[in-house]
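These notes are about the structure you will find just below.
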Amino acid sequence: MRDGDGWVLCHCSRHHWGLYGAAGLLVVRRDLEEPHVLLQLRAAWTHGGGTWAIPGGALDSHESPVEAAIREAEEEAGILSHHLEVKGIYSDDHGNWRYDTVIAHAHSDAGARLANHEADDFRWVMLHEVPDHDLHPGLRSSWDSVHAHVLQTLRD
């Protein structure tokens with residue numbers, strides 16, 4: 001158990017995982033004809049199990065959102081950080097709890113693979129096809145804003 005593990009009741013009256021907030025890594029693959037992002041099918045036993053999301057989890061007290069997102073992506077998806085270029089962060093702020101989507105570009109699959117028991121599958125998905133998946137409720141509710149941030153990183 002890490003020191004950030006635990007549930008928080010946010011100001012929106014919803015329970016969220018991560019005593020210090022949470023972060024996930026949205027890897028945008030740039031070596032394909034169209035940008036693709038890595039989605040993971042969350043294992044049935046996890047919060048939001050059976051839905052598609054990005055690798056992520058609770059921040060520990062000593063971590064920045066970027067550090068936590070990269071750590072989680074390595075643990076869950078085998079992502080190799082030296083393949084990544086962090087381009088931005090989208091924050092979904094709930095007052096006393098926040099989820100940071102760290103947007104990073106890669107020019108390969110970045111080593112993506114099933115690396116632990118928290119995911120049942122991974123898939124590279126064209127950016128415009130992400131909403132066609134049964135998304136984790138948190139990702140579904142923030143997707144339009146996250147998508148806009150991703151598009152901005154592609155223009156910069």
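Letters for chains follow the order of the structure tokens (A, B, ...), residue numbers begin at 1 for each chain, and ligand numbers begin at 1 in the order shown.
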#### Entry: 8 Å contact set for Asp31 in chain A, only C-alpha atoms, chain neighbours under 3 positions out, as a ChimeraX atom specification
/A:35,106-108
Pull C-alpha atoms from the residues just selected and write them as a PDB file, in the first residue's frame.
```pdb
ATOM      1  CA  PRO A  35      -2.595  10.182 -33.860  1.00  0.00           C
ATOM      2  CA  ALA A 106       5.585   9.098 -28.231  1.00  0.00           C
ATOM      3  CA  HIS A 107       7.021   8.095 -31.607  1.00  0.00           C
ATOM      4  CA  SER A 108       6.618   4.372 -30.958  1.00  0.00           C
TER       5      SER A 108
END
```
### Message
Could you list, as an NGL selection string, every residue within 9 Å of Leu39 in chain A, counting only C-alpha atoms and ignoring same-chain residues fewer than 2 positions away?
### Response
:A and (26-27 or 37 or 41 or 52-55 or 121-125 or 130)
Please report, as CSV, each residue of range 24-111 of chain A lying at most 10 Å from range 1-20 of chain A, together with the nearest pair of atoms and the separation in Å rounded to one decimal; use only C-alpha atoms, and order rows by chain and ascending residue number.
```
residue,atom,partner,partner_atom,distance
A:His47,CA,A:Trp17,CA,8.4
A:Gly57,CA,A:Gly18,CA,7.1
A:Ala58,CA,A:Gly18,CA,4.2
A:Leu59,CA,A:Gly4,CA,5.5
A:Asp60,CA,A:Gly4,CA,4.2
A:Ser61,CA,A:Gly4,CA,6.2
A:His62,CA,A:Asp3,CA,9.2
A:Glu63,CA,A:Tyr20,CA,9.2
A:Pro65,CA,A:Tyr20,CA,9.9
A:Asp93,CA,A:Cys10,CA,9.6
A:His94,CA,A:His11,CA,6.2
A:Gly95,CA,A:His11,CA,5.9
A:Asn96,CA,A:Cys10,CA,5.8
A:Trp97,CA,A:Cys10,CA,5.8
A:Arg98,CA,A:Tyr20,CA,8.1
A:Tyr99,CA,A:Gly18,CA,9.1
```
Expected file: the selected residues, C-alpha atoms, as a PDB file, in the first residue's frame:
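Below is the file out-v7.pdb, written as the result:
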```
ATOM      1  CA  HIS A  47     -13.007   0.954  -9.683  1.00  0.00           C
ATOM      2  CA  GLY A  57      -3.870   6.015 -10.129  1.00  0.00           C
ATOM      3  CA  ALA A  58      -3.336   7.733  -6.811  1.00  0.00           C
ATOM      4  CA  LEU A  59      -0.590  10.281  -6.230  1.00  0.00           C
ATOM      5  CA  ASP A  60       1.685   9.671  -3.272  1.00  0.00           C
ATOM      6  CA  SER A  61       2.448  12.585  -0.947  1.00  0.00           C
ATOM      7  CA  HIS A  62       5.887  13.184  -2.472  1.00  0.00           C
ATOM      8  CA  GLU A  63       4.881  12.981  -6.160  1.00  0.00           C
ATOM      9  CA  PRO A  65       1.151  14.602 -11.170  1.00  0.00           C
ATOM     10  CA  ASP A  93     -10.499  19.896 -10.173  1.00  0.00           C
ATOM     11  CA  HIS A  94     -13.168  18.899  -7.646  1.00  0.00           C
ATOM     12  CA  GLY A  95     -12.054  21.298  -4.890  1.00  0.00           C
ATOM     13  CA  ASN A  96     -10.452  18.964  -2.369  1.00  0.00           C
ATOM     14  CA  TRP A  97      -9.537  16.333  -4.985  1.00  0.00           C
ATOM     15  CA  ARG A  98      -8.148  16.543  -8.514  1.00  0.00           C
ATOM     16  CA  TYR A  99      -7.433  14.200 -11.422  1.00  0.00           C
TER      17      TYR A  99
END
```
With only C-alpha atoms as the counted atoms, please give the residues lying no more than 12 Å from Leu84 in chain A, apart from itself and same-chain residues fewer than 6 positions off, as an mmCIF file with C-alpha atoms, in the first residue's frame.
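Once written, part.cif looks like this:
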```cif
data_model
loop_
_atom_site.group_PDB
_atom_site.id
_atom_site.type_symbol
_atom_site.label_atom_id
_atom_site.label_comp_id
_atom_site.auth_asym_id
_atom_site.auth_seq_id
_atom_site.Cartn_x
_atom_site.Cartn_y
_atom_site.Cartn_z
ATOM 1 C CA LEU A 25 -1.007 9.244 -18.630
ATOM 2 C CA LEU A 26 -2.586 9.845 -22.009
ATOM 3 C CA VAL A 27 0.042 8.639 -24.481
ATOM 4 C CA VAL A 28 -0.420 10.095 -27.959
ATOM 5 C CA ARG A 29 1.343 7.987 -30.551
ATOM 6 C CA ARG A 30 2.724 10.200 -33.325
ATOM 7 C CA VAL A 66 3.700 13.934 -13.942
ATOM 8 C CA ALA A 69 1.208 9.372 -14.076
ATOM 9 C CA ILE A 70 4.477 8.043 -15.493
ATOM 10 C CA ALA A 73 1.802 3.911 -16.704
ATOM 11 C CA GLU A 74 5.015 1.962 -16.168
ATOM 12 C CA VAL A 102 -0.797 14.125 -18.267
ATOM 13 C CA ILE A 103 -0.551 14.311 -22.060
ATOM 14 C CA ALA A 104 2.635 12.878 -23.533
ATOM 15 C CA HIS A 105 3.714 12.214 -27.110
ATOM 16 C CA ALA A 106 5.585 9.098 -28.231
ATOM 17 C CA HIS A 107 7.021 8.095 -31.607
ATOM 18 C CA SER A 108 6.618 4.372 -30.958
ATOM 19 C CA ASP A 109 4.469 2.066 -28.852
ATOM 20 C CA ALA A 110 6.627 3.148 -25.864
ATOM 21 C CA GLY A 111 6.825 -0.479 -24.724
ATOM 22 C CA ALA A 112 3.085 -0.761 -24.052
#
```
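If you measure from each of A:Leu38, A:Gly49, A:Ala43, A:Ser64 to His136 in chain A using only C-alpha atoms, the closest one turns out to be A:Gly49.
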### Task
If you run DSSP over the backbone, which residues in chain A end up alpha helix (DSSP H)? Put them as a PyMOL selection string.
chain A and resi 65-77+137-155
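Proximity of A:His128, A:His133, A:Arg42, A:Arg155 to Asn116 in chain A, computed with only C-alpha atoms, is greatest for A:Arg42.
Interatomic distance, CA of Thr46 in chain A to CA of Glu118 in chain A: 6.8 Å.
If you look at CA of Gln152 in chain A and CA of Val86 in chain A, they are 13.0 Å away from each other.
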### Task
Can you list, as an MDAnalysis selection string, all residues belonging to chain A that DSSP tags as strand (DSSP E)?
chainID A and resid 7:9 15:17 22:29 36:42 52:53 56:58 85:93 98:106 119:126
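When CA of Ala148 in chain A is paired with CA of Ala115 in chain A, their separation reads 29.3 Å.
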List the neighbours of Ser142 in chain A out to 10 Å using only C-alpha atoms; skip same-chain residues closer than 3 positions along the sequence, and give me the result as a tab-separated table (two decimals) with C-alpha atoms, in the first residue's frame.
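As a result, around34.tsv now contains:
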```
chain	number	residue	atom	x	y	z
A	90	TYR	CA	-5.45	18.78	-18.06
A	91	SER	CA	-6.75	19.08	-14.48
A	92	ASP	CA	-10.26	18.03	-13.50
A	101	THR	CA	-4.41	13.89	-17.20
A	137	PRO	CA	-17.12	7.59	-16.09
A	138	GLY	CA	-14.37	10.04	-15.12
A	139	LEU	CA	-12.79	9.93	-18.57
A	145	SER	CA	-11.89	19.02	-22.44
A	146	VAL	CA	-9.07	16.46	-22.52
A	147	HIS	CA	-9.54	16.09	-26.29
```
